[in-house]
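Remarks on the structure that follows.
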Amino acid sequence: MQKRVLSGMQPSGKPHLGNYLGAMKPHIELQNEFECFYFIANYHALTTVRDQKKLAEMTQELAIDYLALGIDPKKTVFFKQSDIPEVTELTWILSTITPFGLLERAHAWKDAIAKGKKNPTAGLFIYPVLMASDILAYQSDLVPVGKDQKQHIEIARDIALTFNSTYGETFKLPQDLIDKNVETILGTDGVHKMSKSYGNTVDIFADEAEFSKQVMSMVTDPARIKRTDIGHPEICNVFALQKIFNLPKIKEIERKCREGKLGCVENKKFLCETIFTELKNAREKRIELRKNLDYIDKVLNTGAKKARKVATETLDRVKRHTGL
Ligand code: TYM
């Protein structure tokens, strides 16, 4: 039997290079090999987005972005998290066997508290249980994500193990699928992971001027002031991205940088062009897709029907095993 892959993304901002390389691009590629379930995690986004119009808009935009990048609804089950109420029902059941301490140790929660987040909500605290529910409801084998989500998948696995040992075999044990080459894409500051919350993103569908501005703002090797200064590519984030986008030319880029024959500005321009070319078709497709929003709704509704069938089977099993 084909393995089942599942992953989700929050509609809480514009997709950036970290989302694209760490998740969206691998998601598209995996469609050729596995049975894939991908969804827009709008329930998770509710923990940060409090604007009705914005949430609805960003959900639709993310659906368009994903389809433009190549999600094939004929092959893949593509849906909105909130269309599957079984998942939220399962979240409650799983929360009754999830130790409080396990959630207190979750990085995202610890970071929020460390950053002094005011009035943290119960929703933010049980965020990993909802994520476990997403993963376990569809009996997923593999969960392709960036490294920042690894711990959440371990939590899902722990919850599945506890449930299975308490109530008998019910859930498959999921495994993360993380590509080492793109597990954490650093932001334009070259220090933190690329993330909207750090304001250090390169947004993949920003217009050409904005996109170029974001790439040109990337911090490079601080030892290079003039073009002729000797470069240290191993500490340069632009070089790290070149390794991903321009691998066939990487030896030449590295040599020229070390010899002070390739300036940072020139290097960034080249990177910009390559990414732009890679995303050209997706940009064009986005314009087409936006003209037919009924199609987007239809795809998500069809996906929700298929996803719901699987989630319902799992929930029925859970109810039988727990005596509900
Ligand atoms: P989210 O929306 O924050 O991110 C979506 C995906 O992008 C990856 N990512 C990165 N990868 C590499 N470098 C970066 N700088 C970077 N920034 C983001 C994330 O690892 C993720 O794969 N909780 C999840 C959504 C979710 C989910 C799930 C995922 C909800 N339920 C079930 C998998 C399975 C989230 O907030 O991702």
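By order of appearance in the structure tokens: chains A, B, ..., then residues from 1 within every chain, and ligands from 1 in the order shown.
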I'd like the contact shell of A:Gly303 - 12 Å cut-off, only C-alpha atoms, skipping same-chain residues fewer than 3 positions apart - returned as a short mmCIF file (atom, residue, chain, number, x, y, z; two decimals) with all heavy atoms, in the first residue's frame.
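See part_29.cif below for the written result:
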```
data_model
loop_
_atom_site.label_atom_id
_atom_site.label_comp_id
_atom_site.auth_asym_id
_atom_site.auth_seq_id
_atom_site.Cartn_x
_atom_site.Cartn_y
_atom_site.Cartn_z
N CYS A 36 -1.22 11.89 -0.88
CA CYS A 36 -0.99 13.10 -0.08
C CYS A 36 -2.26 13.78 0.39
O CYS A 36 -3.23 13.88 -0.37
CB CYS A 36 -0.16 14.10 -0.89
SG CYS A 36 1.47 13.48 -1.27
N PHE A 37 -2.24 14.23 1.63
CA PHE A 37 -3.30 15.05 2.21
C PHE A 37 -2.65 16.36 2.66
O PHE A 37 -1.77 16.35 3.51
CB PHE A 37 -3.89 14.37 3.47
CG PHE A 37 -4.87 13.27 3.21
CD1 PHE A 37 -4.55 12.19 2.40
CD2 PHE A 37 -6.13 13.30 3.80
CE1 PHE A 37 -5.45 11.17 2.17
CE2 PHE A 37 -7.05 12.28 3.58
CZ PHE A 37 -6.71 11.22 2.76
N TYR A 38 -3.08 17.48 2.06
CA TYR A 38 -2.54 18.78 2.48
C TYR A 38 -3.70 19.70 2.84
O TYR A 38 -4.74 19.68 2.16
CB TYR A 38 -1.72 19.42 1.36
CG TYR A 38 -0.50 18.60 0.96
CD1 TYR A 38 -0.22 18.33 -0.37
CD2 TYR A 38 0.38 18.12 1.94
CE1 TYR A 38 0.91 17.58 -0.72
CE2 TYR A 38 1.50 17.37 1.59
CZ TYR A 38 1.75 17.10 0.26
OH TYR A 38 2.85 16.37 -0.09
N PHE A 39 -3.50 20.49 3.88
CA PHE A 39 -4.61 21.35 4.28
C PHE A 39 -4.15 22.72 4.74
O PHE A 39 -2.98 22.92 5.09
CB PHE A 39 -5.45 20.67 5.37
CG PHE A 39 -4.69 20.45 6.64
CD1 PHE A 39 -4.77 21.40 7.66
CD2 PHE A 39 -3.91 19.34 6.82
CE1 PHE A 39 -4.07 21.22 8.83
CE2 PHE A 39 -3.19 19.16 8.00
CZ PHE A 39 -3.27 20.10 9.00
N ILE A 40 -5.12 23.62 4.77
CA ILE A 40 -4.87 25.00 5.24
C ILE A 40 -5.32 25.06 6.69
O ILE A 40 -6.50 24.84 7.00
CB ILE A 40 -5.65 25.98 4.35
CG1 ILE A 40 -5.16 25.81 2.90
CG2 ILE A 40 -5.46 27.41 4.84
CD1 ILE A 40 -5.86 26.63 1.90
N ALA A 63 -4.76 28.96 -0.61
CA ALA A 63 -5.25 27.90 -1.50
C ALA A 63 -4.78 28.19 -2.93
O ALA A 63 -4.29 27.29 -3.63
CB ALA A 63 -6.77 27.81 -1.44
N ILE A 71 -0.10 21.93 -6.60
CA ILE A 71 -0.94 20.89 -5.99
C ILE A 71 -1.91 20.41 -7.05
O ILE A 71 -2.56 21.24 -7.72
CB ILE A 71 -1.76 21.46 -4.80
CG1 ILE A 71 -0.84 21.80 -3.65
CG2 ILE A 71 -2.87 20.49 -4.41
CD1 ILE A 71 -0.89 20.90 -2.47
N ASP A 72 -1.98 19.11 -7.21
CA ASP A 72 -2.87 18.55 -8.21
C ASP A 72 -4.07 17.92 -7.50
O ASP A 72 -3.96 16.84 -6.91
CB ASP A 72 -2.10 17.50 -9.03
CG ASP A 72 -2.96 16.86 -10.08
OD1 ASP A 72 -4.19 17.12 -10.09
OD2 ASP A 72 -2.42 16.08 -10.88
N PRO A 73 -5.22 18.58 -7.55
CA PRO A 73 -6.38 18.07 -6.79
C PRO A 73 -6.89 16.72 -7.29
O PRO A 73 -7.68 16.08 -6.60
CB PRO A 73 -7.44 19.16 -6.95
CG PRO A 73 -6.92 20.15 -7.90
CD PRO A 73 -5.52 19.80 -8.29
N LYS A 74 -6.41 16.29 -8.47
CA LYS A 74 -6.83 14.96 -8.94
C LYS A 74 -6.07 13.88 -8.17
O LYS A 74 -6.54 12.78 -7.97
CB LYS A 74 -6.55 14.82 -10.44
CG LYS A 74 -7.49 15.66 -11.27
CD LYS A 74 -7.49 15.16 -12.72
CE LYS A 74 -8.15 16.19 -13.60
NZ LYS A 74 -7.20 17.27 -14.02
N LYS A 75 -4.84 14.24 -7.77
CA LYS A 75 -4.00 13.25 -7.07
C LYS A 75 -4.11 13.41 -5.57
O LYS A 75 -4.01 12.45 -4.81
CB LYS A 75 -2.52 13.53 -7.41
CG LYS A 75 -2.05 13.06 -8.73
CD LYS A 75 -0.51 13.20 -8.73
CE LYS A 75 0.02 13.21 -10.14
NZ LYS A 75 1.28 13.92 -10.27
N THR A 76 -4.21 14.66 -5.13
CA THR A 76 -4.03 15.00 -3.72
C THR A 76 -5.31 15.48 -3.07
O THR A 76 -6.12 16.15 -3.72
CB THR A 76 -2.95 16.12 -3.66
OG1 THR A 76 -1.70 15.52 -3.96
CG2 THR A 76 -2.87 16.78 -2.30
N VAL A 77 -5.48 15.12 -1.81
CA VAL A 77 -6.65 15.60 -1.06
C VAL A 77 -6.25 16.95 -0.44
O VAL A 77 -5.39 17.01 0.43
CB VAL A 77 -7.04 14.58 0.04
CG1 VAL A 77 -8.28 15.06 0.78
CG2 VAL A 77 -7.26 13.20 -0.56
N PHE A 78 -6.88 18.02 -0.94
CA PHE A 78 -6.50 19.37 -0.54
C PHE A 78 -7.72 20.04 0.08
O PHE A 78 -8.77 20.13 -0.55
CB PHE A 78 -6.02 20.12 -1.79
CG PHE A 78 -5.52 21.51 -1.52
CD1 PHE A 78 -4.60 21.76 -0.50
CD2 PHE A 78 -5.96 22.59 -2.29
CE1 PHE A 78 -4.13 23.05 -0.26
CE2 PHE A 78 -5.50 23.88 -2.06
CZ PHE A 78 -4.59 24.11 -1.04
N PHE A 79 -7.60 20.52 1.32
CA PHE A 79 -8.80 20.97 2.03
C PHE A 79 -8.48 22.00 3.11
O PHE A 79 -7.31 22.28 3.39
CB PHE A 79 -9.52 19.76 2.65
CG PHE A 79 -8.67 18.96 3.61
CD1 PHE A 79 -8.82 19.10 4.99
CD2 PHE A 79 -7.69 18.08 3.15
CE1 PHE A 79 -8.04 18.37 5.87
CE2 PHE A 79 -6.89 17.37 4.03
CZ PHE A 79 -7.07 17.51 5.39
N LYS A 80 -9.54 22.49 3.72
CA LYS A 80 -9.43 23.47 4.80
C LYS A 80 -9.65 22.74 6.13
O LYS A 80 -10.60 21.98 6.26
CB LYS A 80 -10.58 24.48 4.64
CG LYS A 80 -10.15 25.85 4.36
CD LYS A 80 -11.23 26.85 4.09
CE LYS A 80 -12.66 26.54 4.32
NZ LYS A 80 -13.60 27.44 3.65
N GLN A 81 -8.80 22.99 7.08
CA GLN A 81 -8.87 22.31 8.38
C GLN A 81 -10.26 22.43 9.02
O GLN A 81 -10.81 21.47 9.54
CB GLN A 81 -7.83 22.94 9.31
CG GLN A 81 -7.61 22.26 10.63
CD GLN A 81 -6.59 23.02 11.46
OE1 GLN A 81 -6.50 24.25 11.37
NE2 GLN A 81 -5.81 22.32 12.25
N ASP A 83 -13.10 22.54 7.82
CA ASP A 83 -14.19 21.78 7.20
C ASP A 83 -14.29 20.37 7.76
O ASP A 83 -15.15 19.59 7.33
CB ASP A 83 -13.98 21.70 5.67
CG ASP A 83 -14.41 23.00 4.99
OD1 ASP A 83 -15.19 23.76 5.61
OD2 ASP A 83 -13.98 23.25 3.85
N ILE A 84 -13.41 20.03 8.69
CA ILE A 84 -13.40 18.66 9.22
C ILE A 84 -13.65 18.72 10.74
O ILE A 84 -12.69 18.65 11.54
CB ILE A 84 -12.03 17.95 8.93
CG1 ILE A 84 -11.49 18.31 7.54
CG2 ILE A 84 -12.17 16.43 9.12
CD1 ILE A 84 -12.31 17.82 6.35
N ILE A 296 -11.74 27.34 -6.93
CA ILE A 296 -10.98 27.15 -5.68
C ILE A 296 -11.91 26.54 -4.62
O ILE A 296 -11.54 25.57 -3.95
CB ILE A 296 -10.42 28.50 -5.15
CG1 ILE A 296 -9.66 29.26 -6.24
CG2 ILE A 296 -9.56 28.31 -3.90
CD1 ILE A 296 -8.38 28.64 -6.72
N ASP A 297 -13.12 27.11 -4.52
CA ASP A 297 -14.09 26.58 -3.54
C ASP A 297 -14.41 25.11 -3.84
O ASP A 297 -14.49 24.30 -2.93
CB ASP A 297 -15.41 27.37 -3.60
CG ASP A 297 -15.24 28.74 -2.96
OD1 ASP A 297 -14.24 28.94 -2.25
OD2 ASP A 297 -16.10 29.61 -3.21
N LYS A 298 -14.58 24.84 -5.13
CA LYS A 298 -14.94 23.47 -5.53
C LYS A 298 -13.83 22.48 -5.14
O LYS A 298 -14.10 21.42 -4.59
CB LYS A 298 -15.18 23.43 -7.05
CG LYS A 298 -16.15 22.35 -7.45
CD LYS A 298 -16.54 22.50 -8.90
CE LYS A 298 -16.25 21.20 -9.61
NZ LYS A 298 -15.95 21.32 -11.02
N VAL A 299 -12.60 22.88 -5.40
CA VAL A 299 -11.46 22.01 -5.06
C VAL A 299 -11.45 21.74 -3.55
O VAL A 299 -11.32 20.60 -3.10
CB VAL A 299 -10.12 22.65 -5.50
CG1 VAL A 299 -8.94 21.96 -4.85
CG2 VAL A 299 -9.99 22.62 -7.01
N LEU A 300 -11.60 22.81 -2.77
CA LEU A 300 -11.53 22.65 -1.30
C LEU A 300 -12.70 21.83 -0.78
O LEU A 300 -12.54 21.01 0.14
CB LEU A 300 -11.47 24.02 -0.61
CG LEU A 300 -10.18 24.83 -0.84
CD1 LEU A 300 -10.30 26.22 -0.24
CD2 LEU A 300 -8.96 24.12 -0.24
N LYS A 306 -13.49 14.13 0.89
CA LYS A 306 -12.60 12.94 0.95
C LYS A 306 -11.92 12.86 2.31
O LYS A 306 -11.82 11.78 2.91
CB LYS A 306 -11.54 13.03 -0.15
CG LYS A 306 -12.08 12.90 -1.55
CD LYS A 306 -10.91 12.87 -2.54
CE LYS A 306 -11.40 13.10 -3.95
NZ LYS A 306 -10.35 13.58 -4.85
N ALA A 307 -11.45 14.00 2.81
CA ALA A 307 -10.72 14.00 4.09
C ALA A 307 -11.67 13.61 5.22
O ALA A 307 -11.31 12.86 6.13
CB ALA A 307 -10.14 15.39 4.34
N ARG A 308 -12.89 14.10 5.15
CA ARG A 308 -13.86 13.85 6.21
C ARG A 308 -14.18 12.37 6.33
O ARG A 308 -14.39 11.84 7.43
CB ARG A 308 -15.14 14.63 5.90
CG ARG A 308 -15.65 15.29 7.12
CD ARG A 308 -16.82 16.14 6.95
NE ARG A 308 -17.51 16.06 8.24
CZ ARG A 308 -18.61 16.65 8.52
NH1 ARG A 308 -19.21 17.39 7.62
NH2 ARG A 308 -19.16 16.51 9.71
N LYS A 309 -14.21 11.70 5.19
CA LYS A 309 -14.51 10.27 5.20
C LYS A 309 -13.46 9.54 6.04
O LYS A 309 -13.78 8.72 6.89
CB LYS A 309 -14.51 9.77 3.75
CG LYS A 309 -15.00 8.37 3.58
CD LYS A 309 -15.33 8.11 2.11
CE LYS A 309 -15.66 6.64 1.90
NZ LYS A 309 -14.50 5.77 1.96
N VAL A 310 -12.20 9.87 5.80
CA VAL A 310 -11.12 9.20 6.53
C VAL A 310 -11.17 9.57 8.02
O VAL A 310 -11.05 8.71 8.90
CB VAL A 310 -9.74 9.58 5.93
CG1 VAL A 310 -8.62 8.88 6.67
CG2 VAL A 310 -9.69 9.27 4.45
#
```
Just want the residues within 7 Å of ligand 1, written as a PDB file with C-alpha atoms, in the first residue's frame, counting only C-alpha atoms and all ligand atoms.
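Saved to pocket-v7.pdb:
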```pdb
ATOM      1  CA  LEU A   6       0.031  14.724   5.463  1.00  0.00           C
ATOM      2  CA  SER A   7       0.952  18.314   6.128  1.00  0.00           C
ATOM      3  CA  GLY A   8      -0.610  21.692   6.802  1.00  0.00           C
ATOM      4  CA  MET A   9       0.213  25.347   6.683  1.00  0.00           C
ATOM      5  CA  GLN A  10      -1.305  28.283   8.524  1.00  0.00           C
ATOM      6  CA  PRO A  11      -2.921  31.093   6.544  1.00  0.00           C
ATOM      7  CA  GLY A  18      11.189  29.246   4.341  1.00  0.00           C
ATOM      8  CA  ASN A  19       7.659  27.940   3.761  1.00  0.00           C
ATOM      9  CA  TYR A  20       8.397  27.313   0.106  1.00  0.00           C
ATOM     10  CA  LEU A  21      11.663  25.406   0.507  1.00  0.00           C
ATOM     11  CA  GLY A  22      10.913  23.717   3.845  1.00  0.00           C
ATOM     12  CA  ALA A  23       7.368  22.667   3.031  1.00  0.00           C
ATOM     13  CA  ALA A  41      -4.608  25.177   9.019  1.00  0.00           C
ATOM     14  CA  HIS A  44      -4.338  27.043  14.106  1.00  0.00           C
ATOM     15  CA  LEU A 130      -4.835  20.017  17.566  1.00  0.00           C
ATOM     16  CA  MET A 131      -1.812  19.323  15.384  1.00  0.00           C
ATOM     17  CA  ALA A 132      -1.591  15.749  16.713  1.00  0.00           C
ATOM     18  CA  ASP A 134      -4.665  16.577  12.333  1.00  0.00           C
ATOM     19  CA  ILE A 135      -1.938  14.015  11.912  1.00  0.00           C
ATOM     20  CA  VAL A 143       4.675  14.395   7.837  1.00  0.00           C
ATOM     21  CA  PRO A 144       6.888  16.634   5.663  1.00  0.00           C
ATOM     22  CA  VAL A 145       7.726  19.861   7.525  1.00  0.00           C
ATOM     23  CA  GLY A 146      10.569  22.237   8.370  1.00  0.00           C
ATOM     24  CA  LYS A 147      12.654  21.564  11.463  1.00  0.00           C
ATOM     25  CA  ASP A 148      10.654  24.011  13.603  1.00  0.00           C
ATOM     26  CA  GLN A 149       7.741  21.546  13.519  1.00  0.00           C
ATOM     27  CA  VAL A 182      16.304  23.013   3.718  1.00  0.00           C
ATOM     28  CA  GLU A 183      15.273  22.213   7.285  1.00  0.00           C
ATOM     29  CA  THR A 184      15.767  25.794   8.536  1.00  0.00           C
ATOM     30  CA  ILE A 185      15.948  28.625   6.052  1.00  0.00           C
ATOM     31  CA  LEU A 186      17.405  31.706   7.685  1.00  0.00           C
ATOM     32  CA  GLY A 187      15.792  35.096   7.233  1.00  0.00           C
ATOM     33  CA  LYS A 193      14.857  31.345  10.972  1.00  0.00           C
ATOM     34  CA  MET A 194      12.848  33.077   8.280  1.00  0.00           C
ATOM     35  CA  SER A 195       9.534  33.931   9.858  1.00  0.00           C
TER      36      SER A 195
END
```
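Here atom CA of A:Leu62 is placed at a distance of 21.0 Å from atom CA of A:Glu35.
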### Task
Enumerate as a list in words all residues of stretch 123-156 of chain A assigned to helix (DSSP H, G or I) by DSSP on the backbone, naming them with the chain letters and numbers the document uses.
Gly123, Leu124, Phe125, Tyr127, Pro128, Val129, Leu130, Met131, Ala132, Ser133, Asp134, Ile135, Leu136, Ala137, Lys147, Asp148, Gln149, Lys150, Gln151, His152, Ile153, Glu154, Ile155 and Ala156 of chain A
Just C-alpha atoms for this one: save the residues we selected as a PDB file, in the first residue's frame.
```pdb
ATOM      1  CA  GLY A 123      -5.687  27.576  22.429  1.00  0.00           C
ATOM      2  CA  LEU A 124      -2.007  28.421  22.101  1.00  0.00           C
ATOM      3  CA  PHE A 125      -1.202  25.958  24.874  1.00  0.00           C
ATOM      4  CA  TYR A 127      -1.965  23.936  19.776  1.00  0.00           C
ATOM      5  CA  PRO A 128       0.156  20.733  19.586  1.00  0.00           C
ATOM      6  CA  VAL A 129      -2.870  18.585  20.493  1.00  0.00           C
ATOM      7  CA  LEU A 130      -4.835  20.017  17.566  1.00  0.00           C
ATOM      8  CA  MET A 131      -1.812  19.323  15.384  1.00  0.00           C
ATOM      9  CA  ALA A 132      -1.591  15.749  16.713  1.00  0.00           C
ATOM     10  CA  SER A 133      -5.248  15.365  15.919  1.00  0.00           C
ATOM     11  CA  ASP A 134      -4.665  16.577  12.333  1.00  0.00           C
ATOM     12  CA  ILE A 135      -1.938  14.015  11.912  1.00  0.00           C
ATOM     13  CA  LEU A 136      -3.606  11.060  13.640  1.00  0.00           C
ATOM     14  CA  ALA A 137      -7.131  11.556  12.241  1.00  0.00           C
ATOM     15  CA  LYS A 147      12.654  21.564  11.463  1.00  0.00           C
ATOM     16  CA  ASP A 148      10.654  24.011  13.603  1.00  0.00           C
ATOM     17  CA  GLN A 149       7.741  21.546  13.519  1.00  0.00           C
ATOM     18  CA  LYS A 150       9.743  18.433  14.414  1.00  0.00           C
ATOM     19  CA  GLN A 151       8.914  18.548  18.110  1.00  0.00           C
ATOM     20  CA  HIS A 152       5.199  18.825  17.345  1.00  0.00           C
ATOM     21  CA  ILE A 153       5.380  15.578  15.393  1.00  0.00           C
ATOM     22  CA  GLU A 154       7.196  13.907  18.263  1.00  0.00           C
ATOM     23  CA  ILE A 155       4.367  15.060  20.525  1.00  0.00           C
ATOM     24  CA  ALA A 156       1.827  13.582  18.094  1.00  0.00           C
TER      25      ALA A 156
END
```
### Message
I need the residues in stretch 51-173 of chain A that are strand (DSSP E) according to DSSP; give them as JSON, numbers by chain.
### Response
{"A": [77, 78, 79, 80, 142, 143, 144]}
